[in-house]
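Q: Dropping in target-v6.txt, with compact mmCIF, C-alpha atoms and all ligand atoms.
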# COMPACT_ATOMS: atom_id res chain seq x y z
CA MET R 1 13.90 7.20 3.67
CA ARG R 2 12.01 10.30 2.60
CA VAL R 3 9.16 11.45 4.86
CA VAL R 4 6.77 13.94 3.25
CA ILE R 5 4.56 15.64 5.86
CA LEU R 6 1.45 17.38 4.56
CA ASP R 7 -1.44 19.16 6.29
CA ASN R 8 -4.23 16.65 5.82
CA TYR R 9 -5.51 13.47 4.19
CA GLU R 10 -6.66 15.22 1.01
CA GLU R 11 -3.17 16.60 0.42
CA VAL R 12 -1.62 13.18 1.07
CA SER R 13 -3.96 11.62 -1.49
CA ARG R 14 -3.28 14.30 -4.09
CA TRP R 15 0.49 14.14 -3.57
CA ALA R 16 0.57 10.35 -3.89
CA ALA R 17 -1.65 10.29 -6.99
CA LEU R 18 0.42 12.95 -8.75
CA HIS R 19 3.61 11.07 -7.86
CA ILE R 20 2.30 7.77 -9.22
CA ALA R 21 0.95 9.43 -12.39
CA LYS R 22 4.30 11.13 -12.97
CA ARG R 23 6.22 7.88 -12.57
CA ILE R 24 3.90 6.12 -15.03
CA ARG R 25 4.16 8.94 -17.59
CA GLU R 26 7.94 9.21 -17.27
CA SER R 27 8.43 5.50 -17.88
CA GLY R 28 6.51 5.73 -21.18
CA PRO R 29 4.92 2.31 -20.73
CA GLN R 30 4.09 0.17 -23.76
CA ALA R 31 2.31 -3.15 -24.15
CA ALA R 32 5.68 -4.90 -24.47
CA LYS R 33 7.15 -2.96 -21.56
CA PRO R 34 4.40 -2.09 -19.11
CA PHE R 35 4.72 -0.18 -15.86
CA VAL R 36 4.37 -2.62 -12.96
CA LEU R 37 2.53 -1.19 -9.97
CA GLY R 38 1.90 -2.80 -6.57
CA LEU R 39 -1.32 -1.76 -4.83
CA PRO R 40 -2.92 -1.89 -1.37
CA THR R 41 -6.44 -1.91 0.02
CA GLY R 42 -7.77 -0.24 3.19
CA SER R 43 -9.37 3.14 3.83
CA THR R 44 -6.16 5.14 3.48
CA PRO R 45 -5.57 4.60 -0.28
CA LEU R 46 -9.18 5.46 -1.19
CA GLY R 47 -8.38 9.17 -1.64
CA THR R 48 -5.38 8.33 -3.82
CA TYR R 49 -7.53 6.04 -5.96
CA ARG R 50 -10.14 8.79 -6.33
CA GLU R 51 -7.42 11.24 -7.46
CA LEU R 52 -5.94 8.72 -9.91
CA ILE R 53 -9.41 8.11 -11.37
CA ARG R 54 -9.82 11.86 -11.80
CA LEU R 55 -6.38 12.22 -13.44
CA CYS R 56 -7.20 9.34 -15.77
CA GLY R 57 -10.54 10.97 -16.70
CA GLU R 58 -8.66 14.18 -17.50
CA LYS R 59 -6.25 12.15 -19.70
CA LYS R 60 -3.30 13.10 -17.47
CA VAL R 61 -2.42 9.45 -16.94
CA SER R 62 -3.37 6.19 -18.61
CA PHE R 63 -3.40 2.71 -17.11
CA LYS R 64 -3.60 0.94 -20.49
CA ASN R 65 -0.05 -0.32 -20.21
CA VAL R 66 0.06 -0.69 -16.45
CA VAL R 67 0.23 -4.13 -14.84
CA THR R 68 -0.88 -4.32 -11.20
CA PHE R 69 -0.25 -6.71 -8.33
CA ASN R 70 -2.32 -6.34 -5.19
CA MET R 71 -0.78 -6.93 -1.80
CA ASP R 72 -3.15 -9.33 -0.15
CA GLU R 73 -6.49 -11.12 0.09
CA TYR R 74 -8.49 -12.80 2.82
CA LEU R 75 -8.32 -16.58 2.71
CA GLY R 76 -11.72 -17.98 1.79
CA LEU R 77 -13.14 -14.83 0.15
CA GLY R 78 -13.71 -14.45 -3.60
CA GLU R 79 -14.71 -11.57 -5.85
CA ASP R 80 -18.41 -12.30 -5.26
CA GLN R 81 -18.07 -11.38 -1.61
CA PRO R 82 -18.28 -7.63 -0.98
CA GLU R 83 -15.62 -7.80 1.74
CA SER R 84 -12.98 -9.36 -0.54
CA TYR R 85 -10.05 -7.19 -1.51
CA ARG R 86 -10.51 -8.17 -5.17
CA ARG R 87 -14.02 -6.72 -5.08
CA PHE R 88 -12.78 -3.64 -3.18
CA MET R 89 -10.25 -2.96 -5.94
CA MET R 90 -12.76 -3.48 -8.75
CA ASP R 91 -15.32 -1.18 -7.09
CA ASN R 92 -12.95 1.54 -5.95
CA PHE R 93 -10.39 1.64 -8.71
CA PHE R 94 -10.09 -0.83 -11.58
CA ASN R 95 -13.65 -0.37 -12.89
CA HIS R 96 -13.12 3.39 -13.16
CA VAL R 97 -9.83 3.60 -15.09
CA ASP R 98 -8.74 2.45 -18.55
CA MET R 99 -7.04 -0.73 -17.32
CA ASP R 100 -6.84 -3.83 -19.42
CA LYS R 101 -8.43 -6.33 -17.01
CA LYS R 102 -5.94 -9.01 -18.00
CA ASN R 103 -3.21 -6.86 -16.44
CA ILE R 104 -4.81 -7.05 -12.99
CA HIS R 105 -3.26 -9.55 -10.56
CA THR R 106 -4.77 -10.33 -7.19
CA LEU R 107 -4.20 -13.27 -4.90
CA ASN R 108 -7.05 -15.75 -5.12
CA GLY R 109 -8.54 -16.29 -1.66
CA LEU R 110 -10.43 -19.32 -2.99
CA ALA R 111 -7.45 -21.10 -4.58
CA PRO R 112 -7.63 -24.83 -3.78
CA ASP R 113 -3.92 -24.86 -2.93
CA SER R 114 -3.02 -21.55 -1.27
CA GLY R 115 0.68 -22.43 -1.02
CA ALA R 116 0.86 -22.98 -4.79
CA GLU R 117 -1.12 -19.77 -5.34
CA CYS R 118 1.49 -17.80 -3.35
CA LEU R 119 4.42 -19.36 -5.24
CA ALA R 120 2.75 -18.63 -8.58
CA TYR R 121 2.19 -15.01 -7.52
CA GLU R 122 5.88 -14.53 -6.77
CA GLU R 123 6.67 -16.11 -10.13
CA ALA R 124 4.21 -13.81 -11.94
CA ILE R 125 5.83 -10.75 -10.33
CA ARG R 126 9.26 -11.98 -11.43
CA ALA R 127 8.03 -12.72 -14.96
CA SER R 128 6.61 -9.19 -15.25
CA GLY R 129 10.09 -7.78 -14.67
CA GLY R 130 9.51 -6.91 -11.00
CA ILE R 131 7.47 -4.17 -9.37
CA GLU R 132 8.51 -0.64 -10.26
CA LEU R 133 6.50 1.15 -7.58
CA PHE R 134 4.75 -0.49 -4.63
CA LEU R 135 2.09 1.69 -3.04
CA GLY R 136 1.17 0.65 0.50
CA GLY R 137 -0.53 1.60 3.73
CA MET R 138 0.24 0.72 7.33
CA GLY R 139 -1.72 -1.03 10.06
CA SER R 140 -1.94 0.60 13.51
CA ASP R 141 0.58 -2.01 14.72
CA GLY R 142 3.03 -1.03 11.97
CA HIS R 143 2.18 -3.92 9.64
CA LEU R 144 2.75 -3.82 5.92
CA ALA R 145 0.23 -5.71 3.74
CA PHE R 146 -0.69 -8.53 6.18
CA ASN R 147 2.83 -8.95 7.53
CA GLU R 148 1.86 -8.86 11.17
CA PRO R 149 4.26 -8.18 14.05
CA GLY R 150 6.92 -10.87 14.18
CA SER R 151 6.86 -11.58 10.43
CA SER R 152 10.20 -12.31 8.88
CA LEU R 153 11.60 -9.21 7.24
CA SER R 154 12.73 -11.39 4.33
CA SER R 155 9.36 -13.14 3.94
CA ARG R 156 7.78 -13.92 0.56
CA THR R 157 4.15 -14.33 -0.46
CA ARG R 158 2.44 -16.79 1.88
CA VAL R 159 -0.51 -17.43 4.20
CA LYS R 160 -0.48 -15.44 7.45
CA THR R 161 -2.60 -15.59 10.59
CA LEU R 162 -4.03 -12.17 11.37
CA ALA R 163 -3.40 -10.41 14.68
CA GLY R 164 -6.38 -9.67 16.93
CA GLU R 165 -5.70 -5.92 16.54
CA THR R 166 -5.94 -6.23 12.74
CA ARG R 167 -9.24 -8.14 12.91
CA ILE R 168 -10.68 -5.49 15.25
CA ALA R 169 -9.43 -2.67 12.98
CA ASN R 170 -10.92 -4.30 9.88
CA ALA R 171 -14.22 -5.30 11.54
CA ARG R 172 -15.78 -2.12 10.11
CA PHE R 173 -15.83 -3.85 6.73
CA PHE R 174 -17.56 -6.90 8.27
CA GLY R 175 -20.57 -5.33 9.97
CA GLY R 176 -18.47 -4.31 12.99
CA ASP R 177 -17.89 -7.90 14.16
CA PRO R 178 -14.18 -8.90 14.46
CA ARG R 179 -15.20 -12.59 14.53
CA ARG R 180 -16.50 -12.25 10.98
CA VAL R 181 -13.07 -11.05 9.76
CA PRO R 182 -11.25 -14.10 8.33
CA ALA R 183 -8.47 -15.27 10.65
CA THR R 184 -6.00 -15.89 7.83
CA ALA R 185 -4.96 -14.15 4.63
CA LEU R 186 -2.67 -14.52 1.64
CA THR R 187 -0.11 -11.71 1.57
CA VAL R 188 2.99 -10.63 -0.26
CA GLY R 189 5.99 -10.83 2.06
CA VAL R 190 8.10 -8.00 3.42
CA GLY R 191 10.83 -9.20 1.05
CA THR R 192 8.42 -9.05 -1.89
CA VAL R 193 7.70 -5.36 -1.19
CA MET R 194 11.38 -4.63 -0.54
CA ASP R 195 12.23 -5.95 -4.03
CA ALA R 196 10.19 -3.14 -5.63
CA ARG R 197 12.33 -0.40 -7.11
CA GLU R 198 10.37 2.22 -5.19
CA VAL R 199 8.03 1.96 -2.19
CA LEU R 200 5.48 4.68 -1.38
CA ILE R 201 3.57 4.37 1.90
CA LEU R 202 0.47 6.41 2.84
CA VAL R 203 -0.11 7.15 6.53
CA SER R 204 -2.99 9.20 7.89
CA GLY R 205 -4.53 9.93 11.29
CA TYR R 206 -3.73 9.84 15.01
CA GLN R 207 -4.37 6.11 15.20
CA LYS R 208 -1.20 5.50 13.17
CA ALA R 209 1.03 7.92 15.14
CA ARG R 210 2.54 5.35 17.52
CA ALA R 211 3.48 3.04 14.66
CA LEU R 212 4.88 5.89 12.57
CA ARG R 213 7.19 6.82 15.42
CA ALA R 214 8.47 3.24 15.68
CA VAL R 215 8.98 2.99 11.91
CA VAL R 216 10.74 6.34 11.48
CA GLU R 217 12.59 6.94 14.76
CA GLU R 218 13.28 3.49 16.16
CA GLY R 219 15.40 0.64 14.80
CA ILE R 220 14.53 -2.02 12.26
CA ASN R 221 12.33 -4.45 14.15
CA HIS R 222 10.13 -7.36 13.07
CA MET R 223 7.50 -6.18 15.58
CA TRP R 224 6.90 -3.14 13.33
CA THR R 225 7.32 -4.72 9.93
CA LEU R 226 7.15 -1.44 8.00
CA SER R 227 10.45 -0.47 9.69
CA CYS R 228 12.01 -2.56 6.89
CA LEU R 229 11.77 0.65 4.83
CA GLN R 230 14.89 1.86 6.62
CA MET R 231 16.81 -0.61 4.43
CA HIS R 232 15.14 0.37 1.15
CA GLN R 233 17.07 2.58 -1.25
CA CYS R 234 14.03 4.42 -2.56
CA ALA R 235 11.29 4.63 0.06
CA ILE R 236 8.86 7.46 0.71
CA ILE R 237 6.35 7.82 3.52
CA VAL R 238 3.74 10.48 2.78
CA CYS R 239 1.72 11.34 5.87
CA ASP R 240 -0.53 13.98 7.37
CA ARG R 241 0.18 16.12 10.46
CA GLU R 242 -2.06 13.98 12.69
CA ALA R 243 0.05 10.90 11.99
CA THR R 244 3.20 12.72 13.15
CA ASP R 245 1.77 13.34 16.64
CA GLU R 246 4.20 10.95 18.35
CA LEU R 247 7.29 12.01 16.38
CA LYS R 248 9.84 14.30 17.99
CA VAL R 249 9.44 17.97 17.10
CA ARG R 250 13.00 17.78 15.82
CA THR R 251 12.18 14.85 13.50
CA VAL R 252 9.18 16.65 12.03
CA ARG R 253 11.18 19.84 11.55
CA TYR R 254 14.03 17.95 9.88
CA PHE R 255 11.86 16.19 7.30
CA MET R 256 9.78 19.30 6.61
CA ASP R 257 12.89 21.41 6.19
CA ILE R 258 14.62 19.14 3.69
CA GLU R 259 11.43 18.89 1.60
CA LYS R 260 11.36 22.69 1.26
CA ARG R 261 14.84 22.88 -0.26
CA PRO R 262 15.06 23.06 -4.05
C1 LIG S 1 -5.08 -4.04 6.22
C2 LIG S 1 -4.33 -4.19 4.91
C3 LIG S 1 -3.11 -3.28 4.85
C4 LIG S 1 -3.52 -1.86 5.20
C5 LIG S 1 -4.09 -1.84 6.59
C6 LIG S 1 -4.49 -0.46 7.06
O1 LIG S 1 -4.48 -4.70 7.26
N1 LIG S 1 -3.91 -5.54 4.72
O2 LIG S 1 -2.54 -3.32 3.55
O3 LIG S 1 -2.40 -1.01 5.11
O4 LIG S 1 -5.27 -2.67 6.58
O5 LIG S 1 -5.70 -0.07 6.53
P1 LIG S 1 -6.37 1.35 6.67
O6 LIG S 1 -5.78 2.16 5.57
O7 LIG S 1 -7.82 1.09 6.47
O8 LIG S 1 -6.02 1.88 8.00
Could you quickly redo this structure as structure tokens?
Ligand code: GLP
A:
Amino acid sequence: MRVVILDNYEEVSRWAALHIAKRIRESGPQAAKPFVLGLPTGSTPLGTYRELIRLCGEKKVSFKNVVTFNMDEYLGLGEDQPESYRRFMMDNFFNHVDMDKKNIHTLNGLAPDSGAECLAYEEAIRASGGIELFLGGMGSDGHLAFNEPGSSLSSRTRVKTLAGETRIANARFFGGDPRRVPATALTVGVGTVMDAREVLILVSGYQKARALRAVVEEGINHMWTLSCLQMHQCAIIVCDREATDELKVRTVRYFMDIEKRP
């Protein structure tokens, strides 16, 4: 696992956007062979989306031949609802870049049969050739997408019940009331993310420091589902200094030192 430690959130966002843009450019995507990108929601990726929009406006990257798969969606919410992740993605990213809307994949929170929806999503990812780069964030309890503590580390896309901590953390999008946050969600599994050829995780702020320590310094553990990254062959965590507050000085020095080397 590579851990890139930067001074602040703005640097994390810039670093991640430049990395994603570079990967897309290098792959030379075409309509017949698009670049397949996995995407998250949450506050953390907003800066990265803003940077990607800027790079796209400056013609430094194009999303014309990029196919996307979003990580998750609240059960019972559709695009019409402002709190839905589909709407979040349209408002904060897709509507501002040159994406072909037919290349956007999100889980449908209103699907009449959510089990079938999850199976079809896995099938669509497979049919696209698999995800090249999965961008993600992390919950304060170390969760990845909506794979809450105790999720199977080989899980696939399915319906999950949300932890109380997650509903409290996400209440800010629901008028501050955790009871308004849906209790269940559709989410890609840990195994689905692990199948991506590269995983890039954004971590920012003191409130993620405890989880970052568990994920980086402790063992692989289903109670901190992002610790699965320890088994991934091409995983990067890009974080700010605040998020490293609970890491050992030695750990921080080690990762900073190896990043400096040519
Ligand atoms: C939700 C999302 C996750 C996201 C997490 C953290 O639980 N399902 O994908 O990583 O929130 O969000 P934030 O970046 O707002 O802290």
Q: Excluding region 204-216 of chain R and any residue of its chain fewer than 6 positions from it, enumerate the residues within 6 Å of it, using all atoms listed in the file, and give them as a PyMOL selection string.
A: chain R and resi 140-142+227+239-240+242-247
Q: If the limit is 7 Å from any atom of ligand LIG 1 (chain S), counting all atoms listed in the file, which residues qualify? Return them as a ChimeraX atom specification.
A: /R:40-45,71-72,136-140,144-146,166,170
Q: Using only C-alpha atoms, please write the residues we just selected to a file, as a compact mmCIF listing (two decimals), in the frame of the given file.
A:
# COMPACT_ATOMS: atom_id res chain seq x y z
CA PRO R 40 -2.92 -1.89 -1.37
CA THR R 41 -6.44 -1.91 0.02
CA GLY R 42 -7.77 -0.24 3.19
CA SER R 43 -9.37 3.14 3.83
CA THR R 44 -6.16 5.14 3.48
CA PRO R 45 -5.57 4.60 -0.28
CA MET R 71 -0.78 -6.93 -1.80
CA ASP R 72 -3.15 -9.33 -0.15
CA GLY R 136 1.17 0.65 0.50
CA GLY R 137 -0.53 1.60 3.73
CA MET R 138 0.24 0.72 7.33
CA GLY R 139 -1.72 -1.03 10.06
CA SER R 140 -1.94 0.60 13.51
CA LEU R 144 2.75 -3.82 5.92
CA ALA R 145 0.23 -5.71 3.74
CA PHE R 146 -0.69 -8.53 6.18
CA THR R 166 -5.94 -6.23 12.74
CA ASN R 170 -10.92 -4.30 9.88
Q: How many Å separate CA of Thr187 (chain R) from CA of Val238 (chain R)?
A: 22.6 Å
Q: Can you work out the spacing between CA of Ala169 (chain R) and CA of His143 (chain R) in Å, to one decimal?
A: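 Result for CA of Ala169 (chain R) versus CA of His143 (chain R): 12.1 Å, one decimal.
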Q: Between CA of Ile5 (chain R) and CA of Leu135 (chain R), what is the distance in Å, rounded to a tenth?
A: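 One can read the CA of Ile5 (chain R) to CA of Leu135 (chain R) distance as 16.7 Å.
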Q: I'd like the contact shell of Glu58 (chain R) - 12 Å cut-off, only C-alpha atoms, skipping same-chain residues fewer than 4 positions apart - returned as an MDAnalysis selection string.
A: chainID R and resid 21 51:54 62 97:98
Q: Considering all atoms listed in the file, can you say which of R:Asp100, R:Glu73, R:Glu218, R:Asp177 comes closest to Ala31 (chain R)?
A: R:Asp100
Q: Just the residues within 12 Å of region 109-124 of chain R, please, counting only C-alpha atoms, with nothing from its chain fewer than 2 positions along; format it as an mmCIF file with C-alpha atoms, in the coordinates of the input.
A:
data_model
loop_
_atom_site.group_PDB
_atom_site.id
_atom_site.type_symbol
_atom_site.label_atom_id
_atom_site.label_comp_id
_atom_site.auth_asym_id
_atom_site.auth_seq_id
_atom_site.Cartn_x
_atom_site.Cartn_y
_atom_site.Cartn_z
ATOM 1 C CA VAL R 36 4.370 -2.620 -12.960
ATOM 2 C CA VAL R 67 0.230 -4.130 -14.840
ATOM 3 C CA THR R 68 -0.880 -4.320 -11.200
ATOM 4 C CA PHE R 69 -0.250 -6.710 -8.330
ATOM 5 C CA ASN R 70 -2.320 -6.340 -5.190
ATOM 6 C CA MET R 71 -0.780 -6.930 -1.800
ATOM 7 C CA ASP R 72 -3.150 -9.330 -0.150
ATOM 8 C CA GLU R 73 -6.490 -11.120 0.090
ATOM 9 C CA TYR R 74 -8.490 -12.800 2.820
ATOM 10 C CA LEU R 75 -8.320 -16.580 2.710
ATOM 11 C CA GLY R 76 -11.720 -17.980 1.790
ATOM 12 C CA LEU R 77 -13.140 -14.830 0.150
ATOM 13 C CA GLY R 78 -13.710 -14.450 -3.600
ATOM 14 C CA GLU R 79 -14.710 -11.570 -5.850
ATOM 15 C CA ASP R 80 -18.410 -12.300 -5.260
ATOM 16 C CA GLN R 81 -18.070 -11.380 -1.610
ATOM 17 C CA GLU R 83 -15.620 -7.800 1.740
ATOM 18 C CA SER R 84 -12.980 -9.360 -0.540
ATOM 19 C CA TYR R 85 -10.050 -7.190 -1.510
ATOM 20 C CA ARG R 86 -10.510 -8.170 -5.170
ATOM 21 C CA ARG R 87 -14.020 -6.720 -5.080
ATOM 22 C CA ASN R 103 -3.210 -6.860 -16.440
ATOM 23 C CA ILE R 104 -4.810 -7.050 -12.990
ATOM 24 C CA HIS R 105 -3.260 -9.550 -10.560
ATOM 25 C CA THR R 106 -4.770 -10.330 -7.190
ATOM 26 C CA LEU R 107 -4.200 -13.270 -4.900
ATOM 27 C CA ARG R 126 9.260 -11.980 -11.430
ATOM 28 C CA ALA R 127 8.030 -12.720 -14.960
ATOM 29 C CA SER R 128 6.610 -9.190 -15.250
ATOM 30 C CA GLY R 129 10.090 -7.780 -14.670
ATOM 31 C CA GLY R 130 9.510 -6.910 -11.000
ATOM 32 C CA ILE R 131 7.470 -4.170 -9.370
ATOM 33 C CA SER R 155 9.360 -13.140 3.940
ATOM 34 C CA ARG R 156 7.780 -13.920 0.560
ATOM 35 C CA THR R 157 4.150 -14.330 -0.460
ATOM 36 C CA ARG R 158 2.440 -16.790 1.880
ATOM 37 C CA VAL R 159 -0.510 -17.430 4.200
ATOM 38 C CA LYS R 160 -0.480 -15.440 7.450
ATOM 39 C CA PRO R 182 -11.250 -14.100 8.330
ATOM 40 C CA THR R 184 -6.000 -15.890 7.830
ATOM 41 C CA ALA R 185 -4.960 -14.150 4.630
ATOM 42 C CA LEU R 186 -2.670 -14.520 1.640
ATOM 43 C CA THR R 187 -0.110 -11.710 1.570
ATOM 44 C CA VAL R 188 2.990 -10.630 -0.260
ATOM 45 C CA GLY R 189 5.990 -10.830 2.060
ATOM 46 C CA GLY R 191 10.830 -9.200 1.050
ATOM 47 C CA THR R 192 8.420 -9.050 -1.890
ATOM 48 C CA VAL R 193 7.700 -5.360 -1.190
ATOM 49 C CA ASP R 195 12.230 -5.950 -4.030
#
Q: Excluding same-chain residues fewer than 5 positions from Ser152 (chain R), what lies within 10 Å of it counting only C-alpha atoms, as a list in words?
A: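 My list of contacting residues is Asn147, Gly189, Val190, Gly191, Asn221, His222, Met223 and Thr225 of chain R.
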Q: Find the axis-aligned box for region 167-184 of chain R, covering all its listed atoms and adding 4 Å on each side, and write its centre and edge lengths in Å to one decimal as JSON.
A:
{"center_x": -13.3, "center_y": -9.0, "center_z": 11.0, "size_x": 22.6, "size_y": 21.8, "size_z": 16.5}
Q: Counting all atoms listed in the file, which residue out of R:Arg50, R:Leu202, R:Tyr9, R:Thr161 sits closest to Asn95 (chain R)?
A: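 The answer is R:Arg50, which sits nearest to Asn95 (chain R).
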Q: Between R:Ile125, R:Val12, R:Ile168, R:Leu153, which has the minimum distance to Gln230 (chain R) (counting all atoms listed in the file)?
A: R:Leu153
Q: What's the 6 Å shell around Val66 (chain R), counting only C-alpha atoms, without same-chain residues fewer than 3 positions away, as a PyMOL selection string?
A: chain R and resi 34-36+63
Q: Using the selection just defined, write its residues with C-alpha atoms as a tab-separated table (two decimals), in the coordinates of the input.
A:
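Contents of result33.tsv, freshly written:
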chain	number	residue	atom	x	y	z
R	34	PRO	CA	4.40	-2.09	-19.11
R	35	PHE	CA	4.72	-0.18	-15.86
R	36	VAL	CA	4.37	-2.62	-12.96
R	63	PHE	CA	-3.40	2.71	-17.11
Q: Using only C-alpha atoms, which residue out of R:Met90, R:Val61, R:Leu226, R:Ile20 lies closest to Glu198 (chain R)?
A: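 Closest to Glu198 (chain R), using only C-alpha atoms: R:Ile20.
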Q: Of the candidates R:Met194, R:Val199, R:Val3, R:Leu229, which shows the shortest atom-to-atom distance to Ser154 (chain R), using all atoms listed in the file?
A: R:Met194
